file model-v4.cif (mmCIF, C-alpha atoms)
data_run
#
loop_
_atom_site.label_atom_id
_atom_site.label_comp_id
_atom_site.auth_asym_id
_atom_site.auth_seq_id
_atom_site.Cartn_x
_atom_site.Cartn_y
_atom_site.Cartn_z
CA MET A 19 0.66 87.51 -40.87
CA THR A 20 -2.96 88.71 -40.90
CA ARG A 21 -2.19 91.08 -43.79
CA VAL A 22 -0.51 88.25 -45.71
CA LEU A 23 -3.57 86.02 -45.33
CA SER A 24 -6.00 88.83 -46.12
CA ALA A 25 -4.18 89.71 -49.33
CA GLY A 26 -3.38 86.18 -50.49
CA LEU A 27 -6.59 84.28 -49.81
CA PRO A 28 -8.97 86.32 -52.05
CA ALA A 29 -6.54 85.87 -54.94
CA LEU A 30 -6.44 82.16 -54.21
CA ALA A 31 -10.23 82.03 -54.22
CA MET A 32 -10.30 83.50 -57.74
CA LEU A 33 -7.72 80.96 -58.85
CA MET A 34 -9.81 78.10 -57.50
CA LEU A 35 -12.88 79.17 -59.46
CA VAL A 36 -11.26 78.17 -62.74
CA ASP A 37 -13.46 75.77 -64.70
CA PRO A 38 -12.31 72.14 -64.14
CA ALA A 39 -12.63 71.28 -67.84
CA GLN A 40 -10.45 74.25 -68.78
CA ALA A 41 -7.89 73.20 -66.17
CA GLN A 42 -7.73 69.70 -67.63
CA GLU A 43 -6.97 71.18 -71.06
CA THR A 44 -3.93 72.98 -69.66
CA GLY A 45 -2.63 69.83 -67.95
CA HIS A 46 -3.90 70.67 -64.47
CA ASN A 47 -5.84 68.26 -62.29
CA VAL A 48 -8.93 69.57 -60.48
CA LYS A 49 -10.97 67.24 -58.27
CA PRO A 50 -14.26 68.06 -56.57
CA ILE A 51 -14.68 67.69 -52.80
CA LEU A 52 -18.02 66.47 -51.45
CA ASP A 53 -18.35 64.93 -47.98
CA LEU A 54 -21.69 64.52 -46.18
CA ARG A 55 -22.51 63.18 -42.72
CA LEU A 56 -26.01 62.66 -41.35
CA ARG A 57 -25.90 61.93 -37.62
CA ALA A 58 -28.26 61.36 -34.72
CA GLU A 59 -26.75 61.97 -31.26
CA GLU A 60 -28.62 61.15 -28.05
CA VAL A 61 -27.45 62.26 -24.60
CA ASP A 62 -28.97 61.07 -21.32
CA GLN A 63 -27.28 62.82 -18.40
CA ASP A 64 -28.24 62.91 -14.72
CA GLY A 65 -29.89 66.20 -13.81
CA LEU A 66 -30.81 67.05 -17.41
CA ASP A 67 -33.59 66.08 -19.81
CA SER A 68 -32.83 63.41 -22.40
CA THR A 69 -31.56 65.18 -25.53
CA LEU A 70 -31.62 64.13 -29.19
CA ALA A 71 -29.95 66.03 -32.03
CA LEU A 72 -30.25 65.19 -35.71
CA THR A 73 -27.72 67.13 -37.77
CA LEU A 74 -26.42 67.14 -41.33
CA ALA A 75 -22.92 68.36 -42.18
CA GLY A 76 -21.39 68.87 -45.60
CA ARG A 77 -18.05 69.94 -47.04
CA PHE A 78 -17.80 70.94 -50.68
CA GLY A 79 -15.11 72.48 -52.84
CA LEU A 80 -12.29 71.95 -55.32
CA ASP A 81 -8.78 70.55 -54.94
CA ALA A 82 -6.43 71.61 -57.77
CA LYS A 83 -2.98 70.26 -58.57
CA PHE A 84 -0.78 72.25 -60.92
CA THR A 85 2.67 71.72 -62.42
CA ASN A 86 5.93 71.84 -60.46
CA GLY A 87 4.32 70.72 -57.21
CA TRP A 88 1.90 73.63 -56.82
CA GLY A 89 -1.65 73.15 -55.58
CA ALA A 90 -4.66 75.09 -54.35
CA LEU A 91 -7.79 74.14 -52.46
CA ILE A 92 -11.07 75.80 -51.53
CA GLU A 93 -13.67 74.13 -49.31
CA GLY A 94 -16.88 75.36 -47.72
CA GLU A 95 -18.61 73.78 -44.75
CA ALA A 96 -22.26 73.75 -43.70
CA VAL A 97 -23.96 72.30 -40.63
CA GLY A 98 -27.76 72.17 -40.44
CA HIS A 99 -30.17 71.12 -37.67
CA LEU A 100 -33.00 68.72 -38.54
CA THR A 101 -34.11 68.92 -34.87
CA SER A 102 -33.67 71.96 -32.63
CA ASP A 103 -34.49 70.87 -29.07
CA PHE A 104 -30.92 70.86 -27.75
CA SER A 105 -28.19 73.23 -26.57
CA ASP A 106 -25.49 73.60 -29.23
CA THR A 107 -23.04 76.07 -27.52
CA VAL A 108 -24.56 79.01 -29.46
CA ASP A 109 -28.27 78.57 -28.62
CA THR A 110 -29.16 77.28 -25.15
CA VAL A 111 -32.25 75.20 -24.39
CA PRO A 112 -32.82 75.15 -20.60
CA GLY A 113 -32.54 71.68 -19.07
CA LYS A 114 -30.96 70.14 -22.18
CA ALA A 115 -27.46 68.71 -22.47
CA VAL A 116 -24.95 70.37 -24.78
CA ILE A 117 -24.34 68.75 -28.16
CA ALA A 118 -21.53 70.82 -29.68
CA ASP A 119 -22.74 70.98 -33.28
CA PRO A 120 -24.08 74.52 -33.85
CA GLU A 121 -25.45 75.49 -37.24
CA ALA A 122 -22.79 76.95 -39.51
CA PHE A 123 -22.08 78.04 -43.06
CA GLU A 124 -18.47 79.07 -43.44
CA LEU A 125 -15.17 78.74 -45.23
CA ASN A 126 -13.46 75.62 -43.91
CA ARG A 127 -10.25 75.59 -45.97
CA LEU A 128 -8.64 77.99 -48.45
CA GLN A 129 -4.99 77.29 -49.14
CA ILE A 130 -2.19 77.34 -51.64
CA SER A 131 0.57 74.74 -51.37
CA TRP A 132 3.83 73.58 -52.86
CA LYS A 133 5.49 70.18 -52.51
CA GLY A 134 8.97 69.24 -53.67
CA GLU A 135 11.10 66.15 -53.19
CA GLU A 136 12.40 67.22 -49.78
CA ALA A 137 10.34 70.26 -48.76
CA ASN A 138 6.76 71.49 -48.72
CA ALA A 139 4.80 74.58 -47.72
CA THR A 140 1.13 75.49 -47.23
CA LEU A 141 -0.33 78.98 -46.75
CA GLY A 142 -3.92 79.73 -45.76
CA ARG A 143 -6.79 78.15 -43.88
CA GLN A 144 -5.83 74.50 -43.60
CA ARG A 145 -6.31 71.22 -41.79
CA ILE A 146 -3.40 70.30 -39.48
CA ILE A 147 -3.07 66.94 -37.71
CA PHE A 148 0.12 65.78 -36.05
CA ASP A 149 0.56 62.13 -35.04
CA ASP A 150 -2.52 60.82 -33.20
CA ALA A 151 -3.93 64.37 -32.72
CA ARG A 152 -3.20 64.33 -28.97
CA PHE A 153 -1.71 67.82 -29.17
CA VAL A 154 -2.80 69.14 -32.59
CA GLY A 155 -5.80 67.90 -34.58
CA ASN A 156 -8.92 68.81 -36.55
CA VAL A 157 -11.57 67.53 -34.06
CA GLY A 158 -12.97 65.54 -36.98
CA PHE A 159 -15.66 63.82 -34.91
CA ARG A 160 -17.69 67.01 -34.51
CA GLN A 161 -19.72 68.24 -37.46
CA ASN A 162 -17.82 71.55 -37.74
CA GLU A 163 -14.14 70.82 -38.29
CA GLN A 164 -11.32 72.75 -36.59
CA THR A 165 -8.96 74.38 -39.08
CA PHE A 166 -6.13 76.91 -38.85
CA ASP A 167 -5.20 80.16 -40.58
CA ALA A 168 -1.53 79.35 -40.76
CA VAL A 169 1.66 78.97 -42.72
CA ARG A 170 3.32 75.55 -42.56
CA PHE A 171 6.76 74.47 -43.74
CA GLY A 172 8.00 70.89 -43.90
CA PHE A 173 11.40 69.35 -44.63
CA SER A 174 12.33 65.68 -45.06
CA GLY A 175 15.83 65.98 -46.53
CA PHE A 176 17.49 64.25 -43.60
CA ARG A 177 17.56 60.46 -43.54
CA ASN A 178 14.55 59.06 -41.63
CA VAL A 179 13.75 62.48 -40.14
CA SER A 180 10.86 64.85 -40.90
CA LEU A 181 10.62 68.43 -39.64
CA ASP A 182 7.62 70.79 -39.54
CA TYR A 183 7.14 74.38 -38.45
CA VAL A 184 3.72 76.06 -38.22
CA TYR A 185 2.82 79.67 -37.46
CA ILE A 186 -0.85 80.02 -36.45
CA ASP A 187 -2.58 83.35 -37.01
CA LYS A 188 -6.09 82.17 -36.07
CA VAL A 189 -7.80 78.97 -34.90
CA GLN A 190 -11.21 78.30 -36.48
CA ARG A 191 -12.78 76.22 -33.69
CA ILE A 192 -15.69 73.78 -33.84
CA PHE A 193 -18.19 76.24 -32.33
CA GLY A 194 -18.60 78.29 -35.52
CA ASP A 195 -18.48 81.97 -36.42
CA GLU A 196 -21.53 82.91 -34.34
CA SER A 197 -20.03 81.71 -31.06
CA PRO A 198 -17.86 83.98 -28.88
CA ALA A 199 -15.59 80.94 -28.49
CA GLY A 200 -15.61 80.18 -32.23
CA GLU A 201 -12.21 81.68 -32.99
CA PHE A 202 -8.87 82.18 -31.25
CA GLU A 203 -6.82 85.14 -32.47
CA SER A 204 -3.35 83.68 -32.26
CA ASP A 205 0.35 84.46 -32.26
CA SER A 206 1.44 80.84 -31.87
CA HIS A 207 4.15 78.50 -33.09
CA ILE A 208 4.39 74.72 -33.45
CA VAL A 209 7.60 72.78 -34.02
CA HIS A 210 7.36 69.08 -34.80
CA ALA A 211 10.07 66.52 -35.57
CA SER A 212 9.83 62.77 -36.11
CA GLY A 213 12.47 60.19 -36.80
CA ALA A 214 12.96 56.44 -37.13
CA THR A 215 15.92 54.83 -35.38
CA ALA A 216 17.18 51.36 -34.59
CA ILE A 217 15.59 51.58 -31.14
CA GLY A 218 12.19 52.87 -32.22
CA ASP A 219 10.39 55.90 -33.60
CA PHE A 220 10.70 59.23 -31.81
CA VAL A 221 8.49 62.33 -32.00
CA LEU A 222 9.33 65.74 -30.55
CA THR A 223 6.63 68.43 -30.35
CA GLY A 224 6.90 72.01 -29.17
CA LEU A 225 3.76 74.13 -28.75
CA PHE A 226 4.14 77.85 -28.05
CA LEU A 227 0.56 79.07 -27.82
CA ASP A 228 -0.60 82.66 -27.30
CA PHE A 229 -4.34 83.28 -27.73
CA ASP A 230 -5.95 86.69 -27.28
CA GLU A 231 -9.31 85.21 -26.25
CA SER A 232 -7.99 82.62 -23.81
CA ALA A 233 -5.06 83.00 -21.45
CA ALA A 234 -6.04 79.63 -19.93
CA ALA A 235 -5.54 77.87 -23.28
CA SER A 236 -2.19 79.59 -23.83
CA GLY A 237 1.13 78.21 -22.66
CA GLN A 238 4.26 76.34 -23.65
CA THR A 239 4.25 72.55 -24.02
CA LEU A 240 7.28 70.39 -24.82
CA ALA A 241 6.56 66.72 -25.55
CA LEU A 242 8.65 63.66 -26.42
CA GLY A 243 7.15 60.41 -27.66
CA TRP A 244 8.57 56.96 -28.45
CA SER A 245 7.09 53.81 -29.98
CA ASP A 246 8.27 50.48 -31.33
CA SER A 247 6.85 47.10 -32.25
CA TRP A 248 8.18 43.57 -32.67
CA LYS A 249 6.91 40.74 -34.83
CA LEU A 250 6.71 37.50 -32.85
CA GLU A 251 5.58 34.03 -33.84
CA VAL A 252 2.26 34.54 -32.04
CA GLY A 253 1.61 38.08 -33.30
CA ARG A 254 2.89 41.65 -33.19
CA PHE A 255 3.68 43.32 -29.85
CA GLY A 256 4.01 47.09 -29.46
CA LEU A 257 5.00 49.59 -26.77
CA ASN A 258 4.74 53.37 -26.63
CA ALA A 259 5.43 56.17 -24.17
CA ARG A 260 5.06 59.94 -24.16
CA PHE A 261 6.12 62.68 -21.74
CA ALA A 262 5.36 66.40 -21.73
CA GLN A 263 5.92 69.48 -19.61
CA GLN A 264 3.68 72.57 -19.68
CA SER A 265 4.50 76.08 -18.45
CA GLU A 266 3.83 79.77 -19.10
CA TYR A 267 4.44 81.39 -22.48
CA ASN A 268 4.47 85.18 -22.92
CA GLY A 269 3.10 85.54 -19.42
CA ARG A 270 0.08 83.28 -20.08
CA GLY A 271 -0.66 79.71 -19.16
CA PRO A 272 -0.32 77.69 -15.94
CA GLY A 273 1.04 79.42 -12.85
CA GLN A 274 3.27 76.40 -12.16
CA GLU A 275 4.63 73.62 -14.33
CA LEU A 276 2.32 70.72 -15.17
CA GLY A 277 3.37 67.29 -16.40
CA TYR A 278 1.94 64.66 -18.74
CA GLN A 279 2.73 60.96 -19.00
CA ALA A 280 1.32 58.19 -21.19
CA TYR A 281 2.28 54.52 -21.42
CA GLY A 282 0.71 51.98 -23.76
CA ALA A 283 1.03 48.43 -25.03
CA SER A 284 -0.65 46.49 -27.83
CA PHE A 285 -0.81 42.95 -29.12
CA ALA A 286 -2.18 42.12 -32.58
CA ARG A 287 -2.97 38.71 -33.98
CA GLY A 288 -4.96 38.34 -37.17
CA ASP A 289 -7.90 40.76 -37.16
CA LEU A 290 -7.82 41.30 -33.39
CA THR A 291 -5.79 43.88 -31.46
CA LEU A 292 -5.65 44.16 -27.68
CA VAL A 293 -4.59 47.59 -26.36
CA GLY A 294 -4.01 48.96 -22.88
CA GLY A 295 -2.51 52.03 -21.32
CA VAL A 296 -2.32 54.71 -18.69
CA GLU A 297 -2.50 58.44 -19.41
CA ILE A 298 -1.81 60.99 -16.64
CA LEU A 299 -2.51 64.71 -16.90
CA GLU A 300 -1.30 66.56 -13.83
CA GLY A 301 -3.24 69.23 -11.96
CA ALA A 302 -1.91 71.98 -9.69
CA GLY A 303 -2.61 75.58 -8.82
CA GLY A 304 -6.30 75.30 -9.64
CA ARG A 305 -5.90 74.01 -13.22
CA GLY A 306 -4.95 70.88 -15.13
CA PHE A 307 -2.64 70.07 -18.04
CA ALA A 308 -4.37 71.39 -21.20
CA THR A 309 -4.28 70.41 -24.87
CA PRO A 310 -6.52 73.10 -26.47
CA LEU A 311 -5.68 72.21 -30.10
CA ALA A 312 -6.16 68.45 -29.70
CA THR A 313 -8.91 66.18 -30.99
CA LEU A 314 -10.05 65.69 -27.40
CA HIS A 315 -12.93 63.32 -28.19
CA ALA A 316 -10.43 60.61 -29.10
CA PHE A 317 -8.95 60.52 -25.59
CA GLN A 318 -10.22 59.78 -22.06
CA GLY A 319 -13.49 58.29 -23.17
CA TRP A 320 -16.04 59.20 -25.83
CA ALA A 321 -18.52 60.58 -23.30
CA ASP A 322 -16.33 63.73 -23.29
CA VAL A 323 -16.41 64.08 -19.50
CA PHE A 324 -12.80 65.29 -19.29
CA LEU A 325 -12.52 67.76 -22.17
CA ASN A 326 -11.19 70.13 -19.51
CA THR A 327 -8.70 68.48 -17.16
CA PRO A 328 -9.86 68.71 -13.51
CA ALA A 329 -7.87 70.89 -11.11
CA ALA A 330 -6.70 67.69 -9.39
CA GLY A 331 -5.61 66.23 -12.73
CA VAL A 332 -6.76 62.93 -14.19
CA ARG A 333 -5.35 59.41 -14.48
CA ASP A 334 -6.99 57.32 -17.21
CA SER A 335 -6.33 53.55 -17.10
CA SER A 336 -7.80 51.86 -20.16
CA LEU A 337 -8.13 48.48 -21.83
CA GLY A 338 -9.59 47.83 -25.26
CA LEU A 339 -10.14 45.24 -27.97
CA LYS A 340 -10.38 46.10 -31.67
CA GLY A 341 -11.40 43.85 -34.54
CA GLY A 342 -11.78 44.00 -38.30
CA GLY A 343 -12.11 41.81 -41.35
CA LEU A 344 -15.90 41.38 -41.11
CA ASP A 345 -17.18 40.78 -44.64
CA LEU A 346 -20.82 41.70 -44.15
CA VAL A 347 -21.65 43.47 -47.43
CA ASP A 348 -20.75 41.99 -50.81
CA GLY A 349 -18.32 44.19 -52.72
CA ALA A 350 -17.69 46.53 -49.77
CA LYS A 351 -14.66 46.89 -47.53
CA PRO A 352 -14.70 44.84 -44.29
CA ALA A 353 -16.51 46.16 -41.23
CA SER A 354 -14.68 46.92 -37.98
CA TRP A 355 -15.50 47.27 -34.29
CA ALA A 356 -13.91 48.20 -30.97
CA VAL A 357 -14.74 48.17 -27.26
CA PHE A 358 -12.93 50.04 -24.45
CA TYR A 359 -13.05 50.30 -20.67
CA HIS A 360 -11.71 53.35 -18.78
CA ASP A 361 -11.13 53.88 -15.06
CA PHE A 362 -10.64 57.52 -14.02
CA ASP A 363 -8.87 58.85 -10.93
CA SER A 364 -7.10 62.05 -9.94
CA ASP A 365 -3.50 62.20 -11.12
CA ASN A 366 -2.21 60.98 -7.73
CA GLY A 367 -4.91 58.30 -7.52
CA ASP A 368 -6.47 59.58 -4.28
CA LEU A 369 -9.79 60.57 -5.89
CA SER A 370 -11.99 58.27 -7.98
CA TYR A 371 -13.96 60.03 -10.74
CA GLY A 372 -15.72 56.95 -12.14
CA SER A 373 -15.49 54.58 -15.10
CA GLU A 374 -16.66 54.32 -18.69
CA PHE A 375 -17.50 51.74 -21.36
CA ASP A 376 -17.19 52.68 -25.04
CA ALA A 377 -18.08 50.73 -28.18
CA VAL A 378 -18.15 51.42 -31.91
CA PHE A 379 -19.18 49.50 -35.04
CA ARG A 380 -18.28 50.81 -38.51
CA MET A 381 -19.53 49.19 -41.71
CA PRO A 382 -18.78 50.33 -45.26
CA VAL A 383 -21.86 49.78 -47.45
CA LYS A 384 -20.42 51.11 -50.72
CA ASP A 385 -17.14 52.74 -51.64
CA TRP A 386 -18.86 56.07 -51.02
CA LEU A 387 -21.18 55.19 -48.11
CA THR A 388 -20.37 54.11 -44.52
CA PHE A 389 -22.63 53.35 -41.55
CA GLU A 390 -21.43 53.89 -37.97
CA ALA A 391 -22.97 53.19 -34.56
CA LYS A 392 -21.14 54.35 -31.44
CA GLY A 393 -21.88 54.55 -27.73
CA ALA A 394 -20.38 55.68 -24.42
CA VAL A 395 -21.60 54.99 -20.86
CA PHE A 396 -19.96 56.97 -18.05
CA SER A 397 -20.66 56.00 -14.43
CA GLY A 398 -19.48 58.67 -11.99
CA SER A 399 -18.38 58.05 -8.43
CA ASP A 400 -20.23 59.61 -5.47
CA ASN A 401 -18.18 62.80 -5.75
CA GLY A 402 -17.40 62.54 -9.44
CA PRO A 403 -18.96 63.98 -12.60
CA ALA A 404 -22.61 63.18 -13.38
CA ASN A 405 -23.56 59.85 -14.96
CA ARG A 406 -24.25 60.07 -18.67
CA THR A 407 -24.91 57.90 -21.70
CA LYS A 408 -24.24 58.99 -25.27
CA PHE A 409 -25.20 57.20 -28.46
CA TRP A 410 -24.55 58.07 -32.10
CA VAL A 411 -25.81 56.68 -35.42
CA ALA A 412 -24.33 58.14 -38.59
CA LEU A 413 -24.25 57.77 -42.37
CA GLU A 414 -21.19 59.19 -44.11
CA THR A 415 -20.65 59.73 -47.83
CA ARG A 416 -17.50 60.82 -49.65
CA PHE A 417 -17.18 61.43 -53.38
#
call {"tool": "encode", "arguments": {"input": "model-v4.cif", "output": "structure tokens"}}
result
Amino acid sequence: MTRVLSAGLPALAMLMLVDPAQAQETGHNVKPILDLRLRAEEVDQDGLDSTLALTLAGRFGLDAKFTNGWGALIEGEAVGHLTSDFSDTVDTVPGKAVIADPEAFELNRLQISWKGEEANATLGRQRIIFDDARFVGNVGFRQNEQTFDAVRFGFSGFRNVSLDYVYIDKVQRIFGDESPAGEFESDSHIVHASGATAIGDFVLTGLFLDFDESAAASGQTLALGWSDSWKLEVGRFGLNARFAQQSEYNGRGPGQELGYQAYGASFARGDLTLVGGVEILEGAGGRGFATPLATLHAFQGWADVFLNTPAAGVRDSSLGLKGGGLDLVDGAKPASWAVFYHDFDSDNGDLSYGSEFDAVFRMPVKDWLTFEAKGAVFSGSDNGPANRTKFWVALETRF
């Protein structure tokens, strides 16, 4: 697989450098990619000095569509520091909290793709997100995106069923090329199937992960998810559940099987949505249930206290309220907001880790400009993780 990528990607790069005007003359469609995000992140954690990071991230490239379903894409990524007094996982500043946005200048995506009526395929460095990114995602919140050197095949020829297979040759992680943890050499497989039935939507995911750099992140995970919703006179009510089992794969991974459970409910009326749920990641044998390819920031609180599941596991009970439809800027899309409360215990409930409040406000200013303010306050128990407060202010542009 490495030889295939090494031979194919330079040729793809030459293809992508074709002049957009020339491509238009031959009937092709070439669109530029330009995304920018300026963000201030402040972390105040017990035992450490208050830390502020001001970073600027950009993605830039070309997305080409050719005839007969063929396409190609090249995208670079750059992350720069406008302040430097923080630990970023590559450079360490003693006494400062870690803000995982190291400086970077690298190739983010380089892929060739084909899409037909019932099948599709993508080869190269690509973005992969399945479902809500609980098991596979791009970690889009961090300034350096996670992408994959992979080949992906999809098929949707069966009624109401979609199938995907992915072989991963390398994981380009958020820590960048200069970090020892920036890449996972991989011999991994993902199988994903989703289908709609009369009794709800089902999702089946199989992860068979083998990483040279991390035996702890390796392992086999089989997951089954279900969701459904019902329209009532007073609003829309939804339920969801997900179960997973994790074990060794190729001699790597947990020494004994670990389980995962998640249960959720929602109620939406107008622009308001009330959500609640419980997510349980088991712990045993000195380690907890792991999801190394997930967008972890989106789960178990935005303070990122539980990026690594404790050895005793974690039980996250949460309640949240989301709203939208706020017309604050003439001519712009409505603003939105959300607040959440989390209570954290060990997976059997005997240990209390603490609780957390999260809030976010997102306001489009123009079609190409969005403002976001976001905060997280974690209060640890006497024997739990350290108290910490995190706050973000960001401006995002997309052309």
call {"tool": "residues_around", "arguments": {"input": "model-v4.cif", "residues": "A:Leu66", "least_positions_apart": "3", "cutoff": "9 Å", "atoms": "only C-alpha atoms", "output": "VMD selection string"}}
result
chain A and resid 62 to 63 69 112 to 115
call {"tool": "atom_distance", "arguments": {"input": "model-v4.cif", "atom1": "atom CA of A:Asp119", "atom2": "atom CA of A:Glu374"}}
result
23.0 Å
call {"tool": "closest_residue", "arguments": {"input": "model-v4.cif", "among": "A:Val347, A:Val154, A:Ala262, A:Ala211", "to": "A:Leu181", "atoms": "all atoms listed in the file"}}
result
A:Ala211
call {"tool": "closest_residue", "arguments": {"input": "model-v4.cif", "among": "A:Leu292, A:Val332, A:Val157, A:Ile186", "to": "A:His315", "atoms": "all atoms listed in the file"}}
result
A:Val157
call {"tool": "residues_near_point", "arguments": {"input": "model-v4.cif", "point": "(-29.0, 63.9, -35.1)", "cutoff": "9 Å", "atoms": "only C-alpha atoms", "output": "list of chain:residue names"}}
result
A:Leu56, A:Arg57, A:Ala58, A:Glu59, A:Glu60, A:Leu70, A:Ala71, A:Leu72, A:Thr73, A:Leu74, A:His99, A:Leu100, A:Thr101, A:Trp410, A:Val411, A:Ala412
call {"tool": "resolve_selection", "arguments": {"input": "model-v4.cif", "expression": "the PyMOL selection byres ((chain A and resi 334) around 7)", "output": "list in words"}}
result
Val296, Glu297, Ile298, Gln318, Val332, Arg333, Ser335, Ser336, His360, Asp361, Phe362 and Asp363 of chain A
call {"tool": "resolve_selection", "arguments": {"input": "model-v4.cif", "expression": "the PyMOL selection byres ((chain A and resi 171-176) around 10)", "output": "list in words"}}
result
Ser131, Trp132, Lys133, Gly134, Glu135, Glu136, Ala137, Asn138, Ala139, Thr140, Leu141, Val169, Arg170, Arg177, Asn178, Val179, Ser180, Leu181, Asp182, Tyr183, Val184, Tyr185, Val209, His210, Ala211, Ser212 and Gly213 of chain A
call {"tool": "write_last_selection", "arguments": {"input": "model-v4.cif", "atoms": "C-alpha atoms", "output": "tab-separated table (two decimals), in the frame of the given file"}}
result
chain	number	residue	atom	x	y	z
A	131	SER	CA	0.57	74.74	-51.37
A	132	TRP	CA	3.83	73.58	-52.86
A	133	LYS	CA	5.49	70.18	-52.51
A	134	GLY	CA	8.97	69.24	-53.67
A	135	GLU	CA	11.10	66.15	-53.19
A	136	GLU	CA	12.40	67.22	-49.78
A	137	ALA	CA	10.34	70.26	-48.76
A	138	ASN	CA	6.76	71.49	-48.72
A	139	ALA	CA	4.80	74.58	-47.72
A	140	THR	CA	1.13	75.49	-47.23
A	141	LEU	CA	-0.33	78.98	-46.75
A	169	VAL	CA	1.66	78.97	-42.72
A	170	ARG	CA	3.32	75.55	-42.56
A	177	ARG	CA	17.56	60.46	-43.54
A	178	ASN	CA	14.55	59.06	-41.63
A	179	VAL	CA	13.75	62.48	-40.14
A	180	SER	CA	10.86	64.85	-40.90
A	181	LEU	CA	10.62	68.43	-39.64
A	182	ASP	CA	7.62	70.79	-39.54
A	183	TYR	CA	7.14	74.38	-38.45
A	184	VAL	CA	3.72	76.06	-38.22
A	185	TYR	CA	2.82	79.67	-37.46
A	209	VAL	CA	7.60	72.78	-34.02
A	210	HIS	CA	7.36	69.08	-34.80
A	211	ALA	CA	10.07	66.52	-35.57
A	212	SER	CA	9.83	62.77	-36.11
A	213	GLY	CA	12.47	60.19	-36.80
call {"tool": "atom_distance", "arguments": {"input": "model-v4.cif", "atom1": "atom CA of A:Glu414", "atom2": "atom CA of A:Val108"}}
result
24.9 Å
call {"tool": "resolve_selection", "arguments": {"input": "model-v4.cif", "expression": "the PyMOL selection byres ((chain A and resi 109) around 12)", "output": "CSV table (one decimal) with C-alpha atoms, in the frame of the given file"}}
result
chain,number,residue,atom,x,y,z
A,99,HIS,CA,-30.2,71.1,-37.7
A,102,SER,CA,-33.7,72.0,-32.6
A,103,ASP,CA,-34.5,70.9,-29.1
A,104,PHE,CA,-30.9,70.9,-27.8
A,105,SER,CA,-28.2,73.2,-26.6
A,106,ASP,CA,-25.5,73.6,-29.2
A,107,THR,CA,-23.0,76.1,-27.5
A,108,VAL,CA,-24.6,79.0,-29.5
A,110,THR,CA,-29.2,77.3,-25.2
A,111,VAL,CA,-32.2,75.2,-24.4
A,112,PRO,CA,-32.8,75.2,-20.6
A,114,LYS,CA,-31.0,70.1,-22.2
A,115,ALA,CA,-27.5,68.7,-22.5
A,116,VAL,CA,-25.0,70.4,-24.8
A,117,ILE,CA,-24.3,68.8,-28.2
A,118,ALA,CA,-21.5,70.8,-29.7
A,119,ASP,CA,-22.7,71.0,-33.3
A,120,PRO,CA,-24.1,74.5,-33.8
A,121,GLU,CA,-25.4,75.5,-37.2
A,193,PHE,CA,-18.2,76.2,-32.3
A,194,GLY,CA,-18.6,78.3,-35.5
A,196,GLU,CA,-21.5,82.9,-34.3
A,197,SER,CA,-20.0,81.7,-31.1
A,198,PRO,CA,-17.9,84.0,-28.9
call {"tool": "closest_residue", "arguments": {"input": "model-v4.cif", "among": "A:Phe417, A:Asp195, A:Phe202, A:Asn156", "to": "A:Gly79", "atoms": "all atoms listed in the file"}}
result
A:Phe417
call {"tool": "residues_around", "arguments": {"input": "model-v4.cif", "residues": "A:Ser247", "least_positions_apart": "4", "cutoff": "7 Å", "atoms": "only C-alpha atoms", "output": "number ranges by chain"}}
result
A: 254-257
call {"tool": "residues_around", "arguments": {"input": "model-v4.cif", "residues": "stretch 364-373 of chain A", "least_positions_apart": "4", "cutoff": "7 Å", "atoms": "only C-alpha atoms", "output": "PyMOL selection string"}}
result
chain A and resi 298-300+330-333+360+396-399+402-403
call {"tool": "closest_residue", "arguments": {"input": "model-v4.cif", "among": "A:Gly218, A:Gly89, A:Gly304, A:Gly253", "to": "A:Val48", "atoms": "only C-alpha atoms"}}
result
A:Gly89
call {"tool": "residues_near_point", "arguments": {"input": "model-v4.cif", "point": "(7.0, 54.9, -27.5)", "cutoff": "9 Å", "atoms": "only C-alpha atoms", "output": "list of chain:residue names"}}
result
A:Gly218, A:Asp219, A:Phe220, A:Val221, A:Leu242, A:Gly243, A:Trp244, A:Ser245, A:Asp246, A:Gly256, A:Leu257, A:Asn258, A:Ala259, A:Arg260, A:Tyr281, A:Gly282
call {"tool": "closest_residue", "arguments": {"input": "model-v4.cif", "among": "A:Thr415, A:Gln161, A:Ser236, A:Asn401", "to": "A:Pro382", "atoms": "only C-alpha atoms"}}
result
A:Thr415
call {"tool": "build_atoms", "arguments": {"input": "model-v4.cif", "residues": "stretch 234-239 of chain A", "atoms": "N, CA and C atoms", "output": "CSV table (one decimal), in the frame of the given file"}}
result
chain,number,residue,atom,x,y,z
A,234,ALA,N,-6.1,81.0,-20.5
A,234,ALA,CA,-6.0,79.6,-19.9
A,234,ALA,C,-5.6,78.6,-21.0
A,235,ALA,N,-5.9,78.8,-22.2
A,235,ALA,CA,-5.5,77.9,-23.3
A,235,ALA,C,-4.1,78.1,-23.8
A,236,SER,N,-3.5,79.3,-23.4
A,236,SER,CA,-2.2,79.6,-23.8
A,236,SER,C,-1.2,78.8,-23.0
A,237,GLY,N,0.1,78.9,-23.4
A,237,GLY,CA,1.1,78.2,-22.7
A,237,GLY,C,2.1,77.5,-23.6
A,238,GLN,N,3.2,77.1,-23.0
A,238,GLN,CA,4.3,76.3,-23.6
A,238,GLN,C,4.2,74.9,-23.3
A,239,THR,N,4.2,74.0,-24.3
A,239,THR,CA,4.2,72.6,-24.0
A,239,THR,C,5.4,71.9,-24.8
